[in-house]
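final-v6.cif follows; it contains mmCIF, C-alpha atoms.
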data_protein
#
loop_
_atom_site.label_atom_id
_atom_site.label_comp_id
_atom_site.auth_asym_id
_atom_site.auth_seq_id
_atom_site.Cartn_x
_atom_site.Cartn_y
_atom_site.Cartn_z
CA MET X 1 -25.45 -29.80 -16.30
CA LYS X 2 -28.30 -28.38 -14.21
CA LYS X 3 -26.89 -30.10 -11.13
CA LEU X 4 -23.44 -28.60 -11.83
CA ILE X 5 -24.87 -25.09 -12.17
CA LEU X 6 -26.78 -25.43 -8.87
CA THR X 7 -23.61 -26.66 -7.17
CA LEU X 8 -21.62 -23.67 -8.46
CA ILE X 9 -24.32 -21.24 -7.33
CA ALA X 10 -24.33 -22.79 -3.86
CA ALA X 11 -20.53 -22.62 -3.71
CA PHE X 12 -20.50 -18.92 -4.66
CA GLY X 13 -23.16 -18.28 -2.04
CA PHE X 14 -21.06 -20.01 0.59
CA VAL X 15 -17.98 -17.95 -0.33
CA ALA X 16 -20.00 -14.72 -0.20
CA GLY X 17 -21.38 -15.67 3.21
CA ALA X 18 -17.91 -16.53 4.49
CA GLN X 19 -16.53 -13.17 3.32
CA ALA X 20 -19.39 -11.33 4.99
CA ALA X 21 -18.84 -13.27 8.20
CA GLU X 22 -15.14 -12.38 8.13
CA GLY X 23 -15.93 -8.70 7.68
CA GLY X 24 -14.43 -8.50 4.19
CA ILE X 25 -15.01 -5.23 2.36
CA ALA X 26 -14.39 -3.91 -1.14
CA TRP X 27 -11.03 -2.18 -1.56
CA ASP X 28 -10.94 1.49 -2.53
CA LYS X 29 -8.79 2.60 -5.44
CA ALA X 30 -5.51 4.09 -4.21
CA PRO X 31 -4.42 7.43 -5.76
CA VAL X 32 -1.00 6.13 -6.80
CA ASP X 33 1.31 8.32 -8.90
CA THR X 34 4.97 7.45 -8.36
CA THR X 35 6.06 10.39 -10.55
CA ASN X 36 4.61 12.89 -8.04
CA GLN X 37 7.67 13.79 -5.97
CA ALA X 38 5.78 16.06 -3.54
CA SER X 39 3.45 13.14 -2.70
CA LEU X 40 6.38 10.72 -2.35
CA GLN X 41 8.28 13.11 -0.07
CA ASN X 42 5.25 13.57 2.19
CA GLY X 43 4.72 9.80 2.18
CA ALA X 44 8.35 9.23 3.18
CA LYS X 45 7.93 11.68 6.07
CA LEU X 46 4.78 9.89 7.26
CA PHE X 47 6.47 6.51 6.92
CA VAL X 48 9.48 7.53 9.01
CA ASN X 49 7.36 9.27 11.66
CA TYR X 50 4.53 6.76 12.05
CA CYS X 51 5.61 3.39 10.61
CA LEU X 52 9.34 3.04 11.17
CA SER X 53 9.02 2.91 14.95
CA CYS X 54 7.68 -0.67 14.60
CA HIS X 55 8.09 -1.72 10.95
CA SER X 56 11.42 -1.97 9.15
CA ALA X 57 12.14 -1.48 5.47
CA ALA X 58 15.33 -3.50 5.60
CA PHE X 59 15.88 -3.53 1.82
CA MET X 60 15.63 0.26 1.44
CA ARG X 61 18.48 2.68 2.15
CA TYR X 62 17.92 6.24 3.29
CA ASN X 63 20.14 7.67 0.56
CA ARG X 64 17.81 6.18 -2.07
CA LEU X 65 15.35 8.92 -1.08
CA GLN X 66 17.47 11.23 -3.22
CA ASP X 67 15.63 9.63 -6.15
CA ILE X 68 12.44 11.42 -5.04
CA GLY X 69 14.06 14.85 -4.91
CA LEU X 70 15.47 15.00 -1.37
CA THR X 71 19.05 16.09 -0.79
CA GLU X 72 21.37 14.12 1.45
CA GLN X 73 21.33 16.97 3.97
CA GLU X 74 17.50 17.05 4.02
CA ILE X 75 17.48 13.31 4.68
CA LYS X 76 19.96 13.70 7.53
CA ASP X 77 18.13 16.64 9.09
CA ASN X 78 14.55 15.34 8.82
CA LEU X 79 14.40 11.57 8.36
CA LEU X 80 17.27 9.92 10.22
CA PHE X 81 15.80 8.80 13.55
CA THR X 82 17.05 5.23 13.89
CA THR X 83 20.63 5.77 12.61
CA ASP X 84 23.12 8.55 11.92
CA LYS X 85 24.35 7.18 8.58
CA VAL X 86 22.47 8.07 5.44
CA GLY X 87 23.71 4.90 3.73
CA GLU X 88 22.06 2.61 6.30
CA THR X 89 18.90 0.63 5.66
CA MET X 90 15.59 1.61 7.25
CA LYS X 91 15.50 -0.53 10.38
CA ALA X 92 12.76 -0.25 13.00
CA ALA X 93 13.50 1.33 16.35
CA ILE X 94 11.55 -1.33 18.25
CA ASP X 95 13.24 -4.34 19.82
CA PRO X 96 11.94 -7.57 18.18
CA LYS X 97 11.51 -9.29 21.54
CA GLN X 98 9.44 -6.39 22.89
CA ALA X 99 7.37 -6.35 19.71
CA LYS X 100 6.57 -10.04 20.14
CA ASP X 101 5.53 -9.46 23.75
CA TRP X 102 3.36 -6.46 22.90
CA PHE X 103 1.76 -7.53 19.62
CA GLY X 104 2.13 -11.30 19.65
CA GLY X 105 4.62 -11.24 16.77
CA ASN X 106 7.31 -9.13 15.14
CA PRO X 107 5.76 -6.49 12.81
CA PRO X 108 6.46 -7.40 9.15
CA ASP X 109 9.00 -5.66 6.97
CA LEU X 110 7.31 -3.11 4.67
CA THR X 111 9.84 -2.82 1.85
CA VAL X 112 7.68 -4.69 -0.66
CA ILE X 113 4.38 -4.66 1.24
CA ALA X 114 2.54 -2.87 -1.59
CA ARG X 115 3.58 -5.58 -4.05
CA SER X 116 2.84 -8.52 -1.75
CA ARG X 117 -0.71 -7.56 -0.76
CA ALA X 118 -2.32 -7.63 -4.20
CA GLY X 119 -5.37 -9.86 -4.50
CA ALA X 120 -8.72 -10.33 -6.18
CA GLY X 121 -9.90 -7.06 -4.64
CA GLY X 122 -7.25 -4.98 -6.39
CA SER X 123 -3.60 -4.03 -6.14
CA GLY X 124 -1.54 -4.09 -2.97
CA ALA X 125 -1.74 -0.29 -2.91
CA ASP X 126 -5.55 -0.50 -3.01
CA TYR X 127 -5.51 -2.86 -0.03
CA LEU X 128 -3.17 -0.64 2.00
CA TYR X 129 -5.19 2.49 1.15
CA THR X 130 -8.36 0.77 2.37
CA PHE X 131 -6.66 -0.80 5.39
CA LEU X 132 -5.19 2.45 6.72
CA ARG X 133 -8.57 4.20 6.45
CA THR X 134 -10.77 1.57 8.14
CA PHE X 135 -9.47 1.34 11.71
CA TYR X 136 -12.07 1.72 14.45
CA LYS X 137 -12.28 1.55 18.23
CA ASP X 138 -13.04 -1.89 19.61
CA GLU X 139 -12.61 -2.35 23.35
CA THR X 140 -12.92 -6.13 23.03
CA LYS X 141 -9.49 -6.28 21.33
CA PRO X 142 -6.18 -6.23 23.25
CA THR X 143 -5.00 -3.06 21.46
CA GLY X 144 -8.40 -1.37 21.63
CA TRP X 145 -8.56 -1.23 17.83
CA ASN X 146 -9.98 -3.30 14.99
CA ASN X 147 -9.99 -2.99 11.22
CA LEU X 148 -12.58 -3.67 8.52
CA ALA X 149 -10.02 -4.81 5.94
CA PHE X 150 -8.14 -6.99 8.46
CA PRO X 151 -10.58 -8.11 11.18
CA SER X 152 -9.09 -8.89 14.62
CA ILE X 153 -5.75 -7.34 13.69
CA GLY X 154 -3.11 -7.24 16.42
CA MET X 155 -1.80 -3.84 15.30
CA PRO X 156 -3.01 -0.60 16.91
CA HIS X 157 -4.02 2.39 14.80
CA ALA X 158 -0.70 4.20 14.30
CA LEU X 159 -2.35 7.20 12.61
CA TRP X 160 -5.21 7.70 15.09
CA GLN X 161 -3.99 11.15 16.11
CA LEU X 162 -4.39 12.27 12.51
CA GLN X 163 -7.73 10.58 11.83
CA GLY X 164 -9.27 10.71 15.31
CA GLU X 165 -11.22 7.93 17.00
CA ARG X 166 -14.15 6.33 15.18
CA ARG X 167 -16.64 3.59 15.85
CA ALA X 168 -17.87 1.27 13.14
CA VAL X 169 -21.67 0.96 12.91
CA PHE X 170 -22.92 -2.55 12.05
CA GLU X 171 -26.36 -4.00 11.36
CA GLU X 172 -27.27 -7.64 11.80
CA HIS X 173 -28.43 -9.27 8.57
CA ASP X 174 -29.52 -12.79 7.72
CA VAL X 175 -27.20 -14.03 4.94
CA HIS X 176 -27.88 -17.56 3.68
CA GLY X 177 -29.47 -18.50 6.97
CA GLN X 178 -26.62 -17.12 9.08
CA LYS X 179 -26.64 -14.00 11.24
CA THR X 180 -23.86 -11.67 10.08
CA GLN X 181 -22.75 -8.15 10.97
CA VAL X 182 -22.88 -5.84 7.95
CA PHE X 183 -20.97 -2.56 8.03
CA LYS X 184 -23.20 0.52 7.64
CA GLY X 185 -21.00 3.53 8.37
CA TRP X 186 -18.85 5.47 10.84
CA GLU X 187 -19.49 7.36 14.04
CA GLN X 188 -16.78 9.89 14.90
CA LEU X 189 -15.93 9.69 18.61
CA SER X 190 -13.20 12.32 18.71
CA PRO X 191 -11.68 14.51 16.00
CA GLY X 192 -8.16 14.10 14.67
CA SER X 193 -5.67 16.77 13.68
CA MET X 194 -6.77 16.34 10.05
CA THR X 195 -10.12 16.57 8.32
CA PRO X 196 -11.33 13.38 6.60
CA VAL X 197 -10.26 14.78 3.21
CA GLN X 198 -6.81 15.71 4.51
CA TYR X 199 -6.41 12.32 6.14
CA ASP X 200 -7.36 10.46 2.96
CA ARG X 201 -4.82 12.58 1.06
CA ALA X 202 -2.11 11.84 3.64
CA VAL X 203 -2.82 8.10 3.49
CA GLY X 204 -2.72 8.34 -0.32
CA ASP X 205 0.77 9.90 -0.07
CA LEU X 206 1.93 7.20 2.36
CA VAL X 207 0.63 4.40 0.13
CA ASN X 208 2.18 6.11 -2.89
CA TYR X 209 5.54 6.03 -1.11
CA LEU X 210 5.10 2.36 -0.16
CA GLN X 211 4.31 1.57 -3.79
CA TRP X 212 7.43 3.42 -4.95
CA MET X 213 9.61 1.83 -2.25
CA GLY X 214 8.71 -1.65 -3.52
CA GLU X 215 10.50 -0.83 -6.80
CA PRO X 216 12.36 2.50 -6.74
CA ALA X 217 13.70 1.92 -10.28
CA GLN X 218 10.23 1.44 -11.77
CA ASN X 219 9.99 4.91 -13.36
CA SER X 220 13.49 4.60 -14.85
CA ARG X 221 12.63 1.12 -16.12
CA VAL X 222 9.51 2.42 -17.83
CA ARG X 223 11.36 5.36 -19.42
CA ILE X 224 14.13 3.08 -20.71
CA GLY X 225 11.56 0.58 -21.98
CA VAL X 226 9.68 3.27 -23.91
CA GLY X 227 12.97 4.52 -25.40
CA VAL X 228 13.92 0.99 -26.47
CA LEU X 229 10.54 0.43 -28.13
CA ILE X 230 10.81 3.74 -30.01
CA PHE X 231 14.33 2.83 -31.17
CA LEU X 232 13.17 -0.60 -32.33
CA GLY X 233 10.25 0.95 -34.19
CA ILE X 234 12.55 3.39 -36.04
CA PHE X 235 15.11 0.65 -36.72
CA ILE X 236 12.42 -1.64 -38.18
CA VAL X 237 11.37 1.09 -40.63
CA ILE X 238 15.00 1.72 -41.64
CA ALA X 239 15.71 -2.01 -42.02
CA TRP X 240 12.54 -2.47 -44.06
CA ARG X 241 13.49 0.36 -46.49
CA LEU X 242 17.08 -0.91 -46.74
CA ASN X 243 15.81 -4.37 -47.51
CA ALA X 244 13.52 -2.98 -50.22
CA ALA X 245 16.40 -0.94 -51.72
CA PHE X 246 18.77 -3.96 -51.69
CA TRP X 247 16.38 -6.36 -53.40
CA LYS X 248 14.73 -3.97 -55.88
CA ASP X 249 17.08 -4.94 -58.74
CA VAL X 250 17.15 -8.64 -57.91
CA LYS X 251 14.79 -10.73 -60.00
#
Write out the structure in this file as structure tokens.
Amino acid sequence: MKKLILTLIAAFGFVAGAQAAEGGIAWDKAPVDTTNQASLQNGAKLFVNYCLSCHSAAFMRYNRLQDIGLTEQEIKDNLLFTTDKVGETMKAAIDPKQAKDWFGGNPPDLTVIARSRAGAGGSGADYLYTFLRTFYKDETKPTGWNNLAFPSIGMPHALWQLQGERRAVFEEHDVHGQKTQVFKGWEQLSPGSMTPVQYDRAVGDLVNYLQWMGEPAQNSRVRIGVGVLIFLGIFIVIAWRLNAAFWKDVK
């Protein structure tokens, strides 16, 4: 038993060292509220302006944005950049062959990205919220950018004009006999058009939209489910009293 415990401790130590070496960080909690239509509308605007140029949402139609309070005319006037039909799906403007040449691969579809990125660190929304807030300048990378949540990523920082340019500050630590770089903080190189608080709020809105886009019917499903449970609860009480009334004279 003692040998087994020592083996498990060593294994956990190895995993922790590997995560540190890979630059893994704890995920921040995303401020998700898919009932907040103002947040969802702002997130949709950010998605169309900053994400849709490279990433598609091929299973999402523009007219579905009416579910978050936008009119068809508002969608046509403000959000239709890659098509002129409001019933079309959200397809990226970039050519797949060019994307492969520039980034080494075609950028993934984002329709269900918030649902597919869940892990031990939290929900997919938590990962995306952390990911979009931890880009930093790294001249050793082809794009000039790196990311704490996704080290050596091939994607540039699409929101850098909003956040500004930052450098990650690392310190070298000895972890289990190995030299590793431990993240210590940020150094702002140039300001963005938003303050850090405003940027975090904007990313929260974008992630909120991505969470909603993964299942637009979620709020309706929850409302219907609650209504069904209430109906069943009332029906059980009625059935119980009817059963008592029916059998009261039966001996």
If you apply the PyMOL selection byres ((chain X and resi 199) around 12) to this file, what residues do you get, as a PyMOL selection string?
-> chain X and resi 46+129+132-134+159-164+191-198+200-206
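One finds atom CA of X:Met60 at 7.2 Å from atom CA of X:Met213.
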Where does the PyMOL selection byres ((chain X and resi 110) around 12) land in this file, that is, which residues does it pick, as a PyMOL selection string?
-> chain X and resi 47-48+51-52+54-60+90-92+107-109+111-117+124+128+206-207+209-214
Specify as a PyMOL selection string each residue included when the PyMOL selection byres ((chain X and resi 23-34) around 9) is applied to this file.
-> chain X and resi 18-22+35-37+39-40+121-123+125-131+147-151+180-183+201+204-205+207-209+211-212+218-219
Length of the atom CA of X:Gly144 to atom CA of X:Ala93 vector [Å] | 22.7 Å
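Of note, atom CA of X:His157 and atom CA of X:Asn78 are spaced 23.4 Å apart.
For the residues X:Ala118, X:Ala158, X:Ala99, X:Ala217, ranking by smallest atom-to-atom distance to X:Ile68 using all atoms listed in the file places X:Ala217 first.
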Which protein, DNA or RNA residues are at most 12 Å from (-12.7, 0.0, 19.3) in the file's coordinates when you count all atoms listed in the file, listed as a VMD selection string?
-> chain X and resid 134 to 148 151 to 153 156 to 157 160 164 to 169 186 to 189
